[in-house]
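Heads up, the thing below is written out as structure tokens.
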Amino acid sequence: MKPLDVGVFLCSTAIEDPFESATKLHELGINNTQIGPLPPSFYTDENADRLKAHLADLGITPTTLFVGFPGESYASMAAVKETVGLVVPDKLEERVAIMQQAIDFTARLGAPRVALHVGFVPIDPDDPIYVSLVEVIQEIADACAEQGLGLSLETGQETAEELLEFIHAVDRPNLGINFDPANLILYGKDRPIEALEMVRDWVVSCHCKDGVWPTVEGELGSEMPLGEGQVDIPAFVAKLKDIGYQGPLTIEREAGDDRIGDILRAKALLERLRG
Ligand code: MG
């Protein structure tokens with residue numbers, strides 16, 4: 001794998017079985033992937049060994065394991081606030097346990113880092129949920145570090161400034177950012193290129209995804225095929241090069257009924273822009 005190689009988030013094919021999805025990526029000429037999200041029951045040693053062998057056979061490098069949790073919904077802003085990540089008090093214990101399973105699985109799979117949406121981080125650093133979230137992420141980052149892994153936070157549910165403040169509060173050397181420019185737009189939070197400049201020192205991976213700003217109060221904006229939304233993908237790729245980003249360009253496609261076609265067009269666009 002070389003810097004700025006085009007990769008694909010495994011779930012973007014819309015093929016549920018991770019083995020079949022990886023085979024499809026190989027057919028599309030992809031050599032790296034972010035794995036996930038997978039049901040927690042998948043996190044067994046046997047599955048880690050099987051998936052590792054399958055990816056090796058295909059010549060695909062797993063770059064990150066992306067963790068999702070049962071019961072999460074991205075249907076609306078309110079649904080995200082109530083259900084996503086580690087800010088849901090009555091799900092916290094269960095989800096921290098899932099994170100530990102995911103960390104063990106990732107280490108066995110041979111991927112270098114684990115990523116997640118932590119959910120809506122409260123804006124006030126004195127909020128008890130903020131304080132407890134900082135402690136939870138410290139514990140998870142330390143559990144990753146014990147296995148030699150990094151931990152990445154997905155952008156989108158807070159501004160770049162709020163995310164930076166949170167990262168400074170957690171203060172762990174293995175903590176980084178998976179920069180998703182579309183999420184900043186979909187959640188109506190920040191302008192992606194300016195945000196990337198602000199958090200540049202923490203970006204370890206990215207999602208190449210596009211979207212348009214929300215037009216209805218309380219609803220998310222709409223995801224679009226890469227290059228057809230309001231991210232300004234040429235400026236995004238130019239900015240990644242400008243900050244010296246060396247990771248993969250990981251296509252994420254979560255909507256639309258021609259996922260494979262969208263992935264292929266996104267791949268061609270990224271390869272052209274990357275130069
Ligand atoms: Mg994303």
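Quick note on naming: the chains in the structure tokens go A, B, ... in the order shown, residues restart at 1 in each chain, and ligands are numbered from 1 in order of appearance.
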>> Can you pull out every residue from region 89-249 of chain A that DSSP, working from the backbone, puts in strand (DSSP E), and format the result as a count of residues only?
In response: 27
> Do you know which residues are within 10 Å of ligand 1 using only C-alpha atoms and all ligand atoms? Can you write them as a list of chain:residue names?
Replying inline: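 Residues lying within 10 Å of ligand 1: A:Phe9, A:Phe66, A:Leu116, A:His117, A:Glu154, A:Thr155, A:Gly156, A:Asn178, A:Phe179, A:Asp180, A:Pro181, A:Ala182, A:Asn183, A:Leu184, A:Cys206, A:His207, A:Cys208, A:Lys209, A:Asp210, A:Thr250, A:Ile251, A:Glu252, A:Arg253, A:Glu254.
When the distance limit is 12 Å and only C-alpha atoms are what count, the residues near Ala97 (chain A), minus those fewer than 6 positions from it on the same chain, are Pro40, Tyr43, Val67, Phe69, Leu86, Lys91, Ile103, Asp104, Val136, Glu139, Ile140 and Ala143 of chain A.
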Residue neighbourhood Leu249 (chain A), 8 Å, only C-alpha atoms, exclusion window fewer than 3 positions, as a short mmCIF file (atom, residue, chain, number, x, y, z; two decimals) with all heavy atoms, in the first residue's frame:
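The new file part15.cif reads:
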data_model
loop_
_atom_site.label_atom_id
_atom_site.label_comp_id
_atom_site.auth_asym_id
_atom_site.auth_seq_id
_atom_site.Cartn_x
_atom_site.Cartn_y
_atom_site.Cartn_z
N LEU A 4 -1.95 7.68 -0.06
CA LEU A 4 -3.07 8.13 -0.89
C LEU A 4 -3.62 7.04 -1.83
O LEU A 4 -4.31 7.34 -2.80
CB LEU A 4 -2.72 9.38 -1.70
CG LEU A 4 -2.22 10.59 -0.90
CD1 LEU A 4 -1.95 11.77 -1.83
CD2 LEU A 4 -3.21 11.02 0.17
N ASP A 5 -3.32 5.77 -1.54
CA ASP A 5 -3.99 4.70 -2.27
C ASP A 5 -5.49 4.80 -1.99
O ASP A 5 -5.90 5.12 -0.88
CB ASP A 5 -3.49 3.32 -1.81
CG ASP A 5 -2.37 2.77 -2.69
OD1 ASP A 5 -2.04 3.42 -3.70
OD2 ASP A 5 -1.82 1.70 -2.35
N VAL A 6 -6.28 4.51 -3.02
CA VAL A 6 -7.73 4.57 -2.84
C VAL A 6 -8.21 3.29 -2.15
O VAL A 6 -7.87 2.18 -2.57
CB VAL A 6 -8.44 4.75 -4.20
CG1 VAL A 6 -9.96 4.67 -4.02
CG2 VAL A 6 -8.06 6.09 -4.82
N GLY A 7 -8.94 3.46 -1.07
CA GLY A 7 -9.53 2.33 -0.35
C GLY A 7 -11.04 2.50 -0.30
O GLY A 7 -11.59 3.50 -0.76
N VAL A 8 -11.71 1.51 0.27
CA VAL A 8 -13.17 1.56 0.39
C VAL A 8 -13.58 1.03 1.77
O VAL A 8 -13.03 0.02 2.24
CB VAL A 8 -13.87 0.72 -0.71
CG1 VAL A 8 -15.38 0.72 -0.52
CG2 VAL A 8 -13.52 1.25 -2.10
N SER A 205 -6.62 9.16 9.23
CA SER A 205 -7.34 8.49 8.14
C SER A 205 -8.49 9.40 7.72
O SER A 205 -8.76 10.40 8.38
CB SER A 205 -7.86 7.12 8.59
OG SER A 205 -8.70 7.24 9.72
N CYS A 206 -9.13 9.05 6.60
CA CYS A 206 -10.23 9.91 6.15
C CYS A 206 -11.29 9.10 5.43
O CYS A 206 -11.05 7.97 5.02
CB CYS A 206 -9.70 11.01 5.23
SG CYS A 206 -9.15 10.42 3.61
N HIS A 207 -12.46 9.67 5.34
CA HIS A 207 -13.52 9.14 4.49
C HIS A 207 -13.72 10.08 3.33
O HIS A 207 -13.88 11.30 3.54
CB HIS A 207 -14.83 8.99 5.27
CG HIS A 207 -14.85 7.79 6.16
ND1 HIS A 207 -15.74 7.61 7.19
CD2 HIS A 207 -14.05 6.68 6.16
CE1 HIS A 207 -15.50 6.45 7.77
NE2 HIS A 207 -14.48 5.87 7.17
N CYS A 208 -13.69 9.56 2.13
CA CYS A 208 -13.99 10.36 0.96
C CYS A 208 -15.48 10.19 0.68
O CYS A 208 -15.92 9.18 0.13
CB CYS A 208 -13.12 9.91 -0.22
SG CYS A 208 -11.38 10.24 0.10
N LEU A 270 -10.89 10.14 -7.57
CA LEU A 270 -9.80 10.29 -6.59
C LEU A 270 -8.43 10.03 -7.24
O LEU A 270 -7.47 10.72 -6.95
CB LEU A 270 -10.03 9.36 -5.40
CG LEU A 270 -11.20 9.74 -4.50
CD1 LEU A 270 -11.49 8.64 -3.49
CD2 LEU A 270 -10.93 11.06 -3.77
#
Spatial neighbours of Ala56 (chain A), 12 Å, only C-alpha atoms, chain gap at least 5 places, as a short mmCIF file (atom, residue, chain, number, x, y, z; two decimals) with C-alpha atoms, in the first residue's frame:
data_model
loop_
_atom_site.label_atom_id
_atom_site.label_comp_id
_atom_site.auth_asym_id
_atom_site.auth_seq_id
_atom_site.Cartn_x
_atom_site.Cartn_y
_atom_site.Cartn_z
CA PHE A 19 -15.92 -11.88 3.22
CA ALA A 22 -13.93 -7.92 0.47
CA THR A 23 -13.98 -10.21 -2.58
CA HIS A 26 -10.74 -7.02 -4.90
CA ASN A 31 -6.05 -2.91 -2.16
CA ASN A 32 -7.10 -1.50 1.24
CA THR A 33 -10.22 -1.26 3.36
CA ASP A 49 -8.14 -15.35 11.73
CA ARG A 50 -10.44 -16.21 8.81
CA LEU A 51 -10.88 -12.58 7.74
CA THR A 61 -4.73 -4.33 3.71
CA PRO A 62 -7.15 -3.68 6.59
CA LEU A 109 -6.80 -9.14 12.54
CA GLY A 110 -3.61 -7.10 12.22
CA ALA A 111 -5.21 -3.70 11.55
#
>> Can you tell me, as a list in words, which residues in region 188-221 of chain A count as alpha helix (DSSP H) by DSSP?
In response: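 These are the residues in question: Pro192, Ile193, Glu194, Ala195, Leu196, Glu197, Met198 and Val199 of chain A.
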Just the residues within 10 Å of Ala102 (chain A), please, counting only C-alpha atoms, with nothing from its chain fewer than 3 positions along; format it as a CSV table (one decimal) with N, CA and C atoms, in the first residue's frame.
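The new file selection31.csv reads:
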chain,number,residue,atom,x,y,z
A,38,LEU,N,-19.5,-4.2,12.1
A,38,LEU,CA,-19.8,-5.6,12.2
A,38,LEU,C,-20.7,-5.8,13.5
A,40,PRO,N,-21.4,-7.3,17.0
A,40,PRO,CA,-20.5,-7.7,18.1
A,40,PRO,C,-20.2,-9.2,18.1
A,42,PHE,N,-19.6,-11.0,15.8
A,42,PHE,CA,-18.6,-11.4,14.8
A,42,PHE,C,-17.2,-11.3,15.4
A,43,TYR,N,-17.0,-10.6,16.5
A,43,TYR,CA,-15.7,-10.4,17.1
A,43,TYR,C,-15.2,-11.6,17.8
A,44,THR,N,-14.9,-12.7,17.1
A,44,THR,CA,-14.3,-13.9,17.7
A,44,THR,C,-12.9,-14.1,17.1
A,65,LEU,N,-10.5,-0.8,12.0
A,65,LEU,CA,-11.8,-1.4,12.3
A,65,LEU,C,-12.7,-0.4,12.8
A,66,PHE,N,-13.8,-0.2,12.1
A,66,PHE,CA,-14.8,0.9,12.5
A,66,PHE,C,-15.9,0.2,13.3
A,67,VAL,N,-16.1,0.7,14.5
A,67,VAL,CA,-17.0,0.0,15.4
A,67,VAL,C,-18.4,0.7,15.4
A,68,GLY,N,-19.4,-0.1,15.3
A,68,GLY,CA,-20.8,0.5,15.4
A,68,GLY,C,-21.4,-0.3,16.6
A,96,VAL,N,-18.9,-0.2,26.1
A,96,VAL,CA,-17.5,-0.2,26.4
A,96,VAL,C,-17.0,-1.7,26.3
A,97,ALA,N,-17.9,-2.6,26.7
A,97,ALA,CA,-17.5,-4.0,26.6
A,97,ALA,C,-17.4,-4.4,25.1
A,98,ILE,N,-18.2,-3.9,24.3
A,98,ILE,CA,-18.1,-4.2,22.8
A,98,ILE,C,-16.8,-3.6,22.3
A,99,MET,N,-16.5,-2.4,22.8
A,99,MET,CA,-15.2,-1.8,22.3
A,99,MET,C,-14.0,-2.7,22.7
A,105,PHE,N,-10.2,-8.0,18.7
A,105,PHE,CA,-10.4,-8.5,17.3
A,105,PHE,C,-9.5,-7.8,16.3
A,106,THR,N,-9.4,-6.5,16.5
A,106,THR,CA,-8.5,-5.6,15.6
A,106,THR,C,-7.0,-6.1,15.7
A,107,ALA,N,-6.6,-6.3,16.9
A,107,ALA,CA,-5.2,-6.7,17.2
A,107,ALA,C,-4.9,-8.0,16.5
A,108,ARG,N,-5.9,-8.9,16.6
A,108,ARG,CA,-5.7,-10.3,16.0
A,108,ARG,C,-5.8,-10.2,14.5
A,114,VAL,N,-8.5,1.4,15.6
A,114,VAL,CA,-10.0,1.2,15.8
A,114,VAL,C,-10.6,2.6,15.7
A,115,ALA,N,-11.8,2.7,15.1
A,115,ALA,CA,-12.4,4.0,15.0
A,115,ALA,C,-13.9,3.9,15.4
A,144,CYS,N,-6.5,0.3,23.8
A,144,CYS,CA,-5.9,0.2,22.4
A,144,CYS,C,-4.4,0.2,22.5
> What's the 10 Å shell around Ile233 (chain A), counting only C-alpha atoms, without same-chain residues fewer than 2 positions away, as a PyMOL selection string?
Replying inline: chain A and resi 181-182+192-193+208-210+226-231+235-239+269-270+273
Keeping all heavy atoms, export the residues of the selection given above as a compact mmCIF listing (two decimals), in the first residue's frame.
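Wrote it out as selection-v4.txt, contents follow:
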# COMPACT_ATOMS: atom_id res chain seq x y z
N PRO A 181 -15.26 14.61 5.64
CA PRO A 181 -15.65 15.99 5.30
C PRO A 181 -17.16 16.14 5.13
O PRO A 181 -17.73 17.19 5.44
CB PRO A 181 -14.92 16.26 3.99
CG PRO A 181 -14.73 14.91 3.36
CD PRO A 181 -14.54 13.96 4.52
N ALA A 182 -17.81 15.07 4.64
CA ALA A 182 -19.26 15.16 4.39
C ALA A 182 -20.04 15.26 5.69
O ALA A 182 -21.03 15.99 5.77
CB ALA A 182 -19.73 13.95 3.59
N PRO A 192 -15.77 21.94 5.67
CA PRO A 192 -14.78 20.86 5.72
C PRO A 192 -13.32 21.27 5.49
O PRO A 192 -12.44 20.78 6.20
CB PRO A 192 -15.23 19.90 4.62
CG PRO A 192 -16.61 20.27 4.28
CD PRO A 192 -16.86 21.66 4.74
N ILE A 193 -13.06 22.11 4.52
CA ILE A 193 -11.65 22.39 4.19
C ILE A 193 -11.00 23.20 5.32
O ILE A 193 -9.87 22.91 5.74
CB ILE A 193 -11.52 23.13 2.82
CG1 ILE A 193 -12.40 22.46 1.74
CG2 ILE A 193 -10.07 23.23 2.39
CD1 ILE A 193 -12.12 21.00 1.46
N CYS A 208 -13.69 9.56 2.13
CA CYS A 208 -13.99 10.36 0.96
C CYS A 208 -15.48 10.19 0.68
O CYS A 208 -15.92 9.18 0.13
CB CYS A 208 -13.12 9.91 -0.22
SG CYS A 208 -11.38 10.24 0.10
N LYS A 209 -16.22 11.15 1.16
CA LYS A 209 -17.70 11.12 1.09
C LYS A 209 -18.16 12.54 0.81
O LYS A 209 -17.47 13.49 1.16
CB LYS A 209 -18.24 10.63 2.44
CG LYS A 209 -19.72 10.31 2.46
CD LYS A 209 -20.14 9.62 3.76
CE LYS A 209 -20.54 10.61 4.82
NZ LYS A 209 -20.82 9.96 6.12
N ASP A 210 -19.32 12.68 0.16
CA ASP A 210 -19.81 14.00 -0.22
C ASP A 210 -21.25 14.17 0.26
O ASP A 210 -21.93 13.17 0.55
CB ASP A 210 -19.72 14.15 -1.75
CG ASP A 210 -19.45 15.58 -2.18
OD1 ASP A 210 -19.66 16.50 -1.37
OD2 ASP A 210 -19.03 15.77 -3.34
N LEU A 226 -19.68 10.98 -4.73
CA LEU A 226 -18.47 11.79 -4.56
C LEU A 226 -18.30 12.77 -5.73
O LEU A 226 -18.35 12.37 -6.90
CB LEU A 226 -17.25 10.87 -4.45
CG LEU A 226 -16.03 11.50 -3.77
CD1 LEU A 226 -16.28 11.64 -2.27
CD2 LEU A 226 -14.78 10.66 -4.01
N GLY A 227 -18.10 14.02 -5.40
CA GLY A 227 -17.92 15.06 -6.42
C GLY A 227 -19.21 15.79 -6.76
O GLY A 227 -19.18 16.81 -7.44
N GLU A 228 -20.36 15.28 -6.30
CA GLU A 228 -21.65 15.90 -6.65
C GLU A 228 -22.26 16.67 -5.49
O GLU A 228 -23.35 17.24 -5.62
CB GLU A 228 -22.64 14.82 -7.14
CG GLU A 228 -22.18 14.16 -8.43
CD GLU A 228 -23.12 13.05 -8.90
OE1 GLU A 228 -24.31 13.08 -8.55
OE2 GLU A 228 -22.64 12.15 -9.61
N GLY A 229 -21.59 16.71 -4.33
CA GLY A 229 -22.12 17.43 -3.18
C GLY A 229 -21.40 18.75 -2.97
O GLY A 229 -20.83 19.32 -3.90
N GLN A 230 -21.44 19.24 -1.73
CA GLN A 230 -20.90 20.56 -1.42
C GLN A 230 -19.57 20.54 -0.67
O GLN A 230 -19.13 21.56 -0.16
CB GLN A 230 -21.95 21.35 -0.63
CG GLN A 230 -23.20 21.65 -1.47
CD GLN A 230 -24.33 22.27 -0.68
OE1 GLN A 230 -24.58 21.90 0.46
NE2 GLN A 230 -25.03 23.22 -1.29
N VAL A 231 -18.93 19.34 -0.60
CA VAL A 231 -17.63 19.28 0.08
C VAL A 231 -16.57 20.05 -0.71
O VAL A 231 -15.71 20.72 -0.14
CB VAL A 231 -17.17 17.81 0.28
CG1 VAL A 231 -15.70 17.73 0.63
CG2 VAL A 231 -18.01 17.15 1.38
N ALA A 235 -10.80 20.35 -3.79
CA ALA A 235 -10.15 21.14 -2.74
C ALA A 235 -9.80 20.26 -1.54
O ALA A 235 -8.76 20.45 -0.90
CB ALA A 235 -11.07 22.29 -2.31
N PHE A 236 -10.64 19.28 -1.25
CA PHE A 236 -10.39 18.37 -0.13
C PHE A 236 -9.12 17.55 -0.37
O PHE A 236 -8.23 17.48 0.49
CB PHE A 236 -11.61 17.46 0.08
CG PHE A 236 -11.43 16.41 1.14
CD1 PHE A 236 -11.16 16.77 2.45
CD2 PHE A 236 -11.54 15.06 0.83
CE1 PHE A 236 -10.99 15.80 3.44
CE2 PHE A 236 -11.39 14.09 1.81
CZ PHE A 236 -11.10 14.47 3.12
N VAL A 237 -9.00 16.97 -1.56
CA VAL A 237 -7.81 16.16 -1.88
C VAL A 237 -6.57 17.05 -1.91
O VAL A 237 -5.50 16.68 -1.40
CB VAL A 237 -8.00 15.39 -3.21
CG1 VAL A 237 -6.72 14.66 -3.61
CG2 VAL A 237 -9.16 14.39 -3.08
N ALA A 238 -6.71 18.25 -2.48
CA ALA A 238 -5.56 19.18 -2.52
C ALA A 238 -5.12 19.53 -1.09
O ALA A 238 -3.93 19.61 -0.79
CB ALA A 238 -5.95 20.45 -3.29
N LYS A 239 -6.10 19.71 -0.21
CA LYS A 239 -5.78 20.07 1.18
C LYS A 239 -5.10 18.90 1.90
O LYS A 239 -4.16 19.10 2.67
CB LYS A 239 -7.07 20.48 1.93
CG LYS A 239 -6.84 21.05 3.30
CD LYS A 239 -6.21 22.42 3.20
CE LYS A 239 -5.66 22.87 4.53
NZ LYS A 239 -4.90 24.13 4.41
N LEU A 269 -12.35 9.35 -9.88
CA LEU A 269 -12.20 10.77 -9.52
C LEU A 269 -11.00 10.97 -8.59
O LEU A 269 -10.16 11.86 -8.82
CB LEU A 269 -13.48 11.27 -8.84
CG LEU A 269 -13.44 12.70 -8.28
CD1 LEU A 269 -13.26 13.72 -9.40
CD2 LEU A 269 -14.71 13.02 -7.48
N LEU A 270 -10.89 10.14 -7.57
CA LEU A 270 -9.80 10.29 -6.59
C LEU A 270 -8.43 10.03 -7.24
O LEU A 270 -7.47 10.72 -6.95
CB LEU A 270 -10.03 9.36 -5.40
CG LEU A 270 -11.20 9.74 -4.50
CD1 LEU A 270 -11.49 8.64 -3.49
CD2 LEU A 270 -10.93 11.06 -3.77
N LEU A 273 -7.58 13.13 -9.17
CA LEU A 273 -7.24 14.28 -8.33
C LEU A 273 -5.92 14.07 -7.58
O LEU A 273 -5.17 15.01 -7.34
CB LEU A 273 -8.36 14.51 -7.29
CG LEU A 273 -9.69 14.97 -7.87
CD1 LEU A 273 -10.76 14.98 -6.77
CD2 LEU A 273 -9.57 16.35 -8.50
>> So the first atom is CA of Pro18 (chain A) and the second is CA of Ile35 (chain A); what is the distance between them in Å, to one decimal place?
In response: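 Computing it gives 8.0 Å between the two atoms.
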>> For a test of reading the model, state the distance in Å between CA of Glu223 (chain A) and CA of Arg259 (chain A), rounded to one decimal.
In response: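 One can read the CA of Glu223 (chain A) to CA of Arg259 (chain A) distance as 12.3 Å.
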> Pick from A:Val170, A:Val204, A:Leu151, A:Ala195: nearest to Tyr130 (chain A), with only C-alpha atoms counted?
Replying inline: A:Val170
>> So, with only C-alpha atoms as the atoms that count, which of A:Glu135, A:Asp232, A:Glu20, A:Glu27 lies closest to Arg191 (chain A)?
In response: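 Smallest separation from Arg191 (chain A) among the options: A:Asp232.
The smallest atom-to-atom distance between Glu165 (chain A) and any of A:Asp190, A:Asp124, A:Asp57, A:Asp142, using only C-alpha atoms, is found for A:Asp124.
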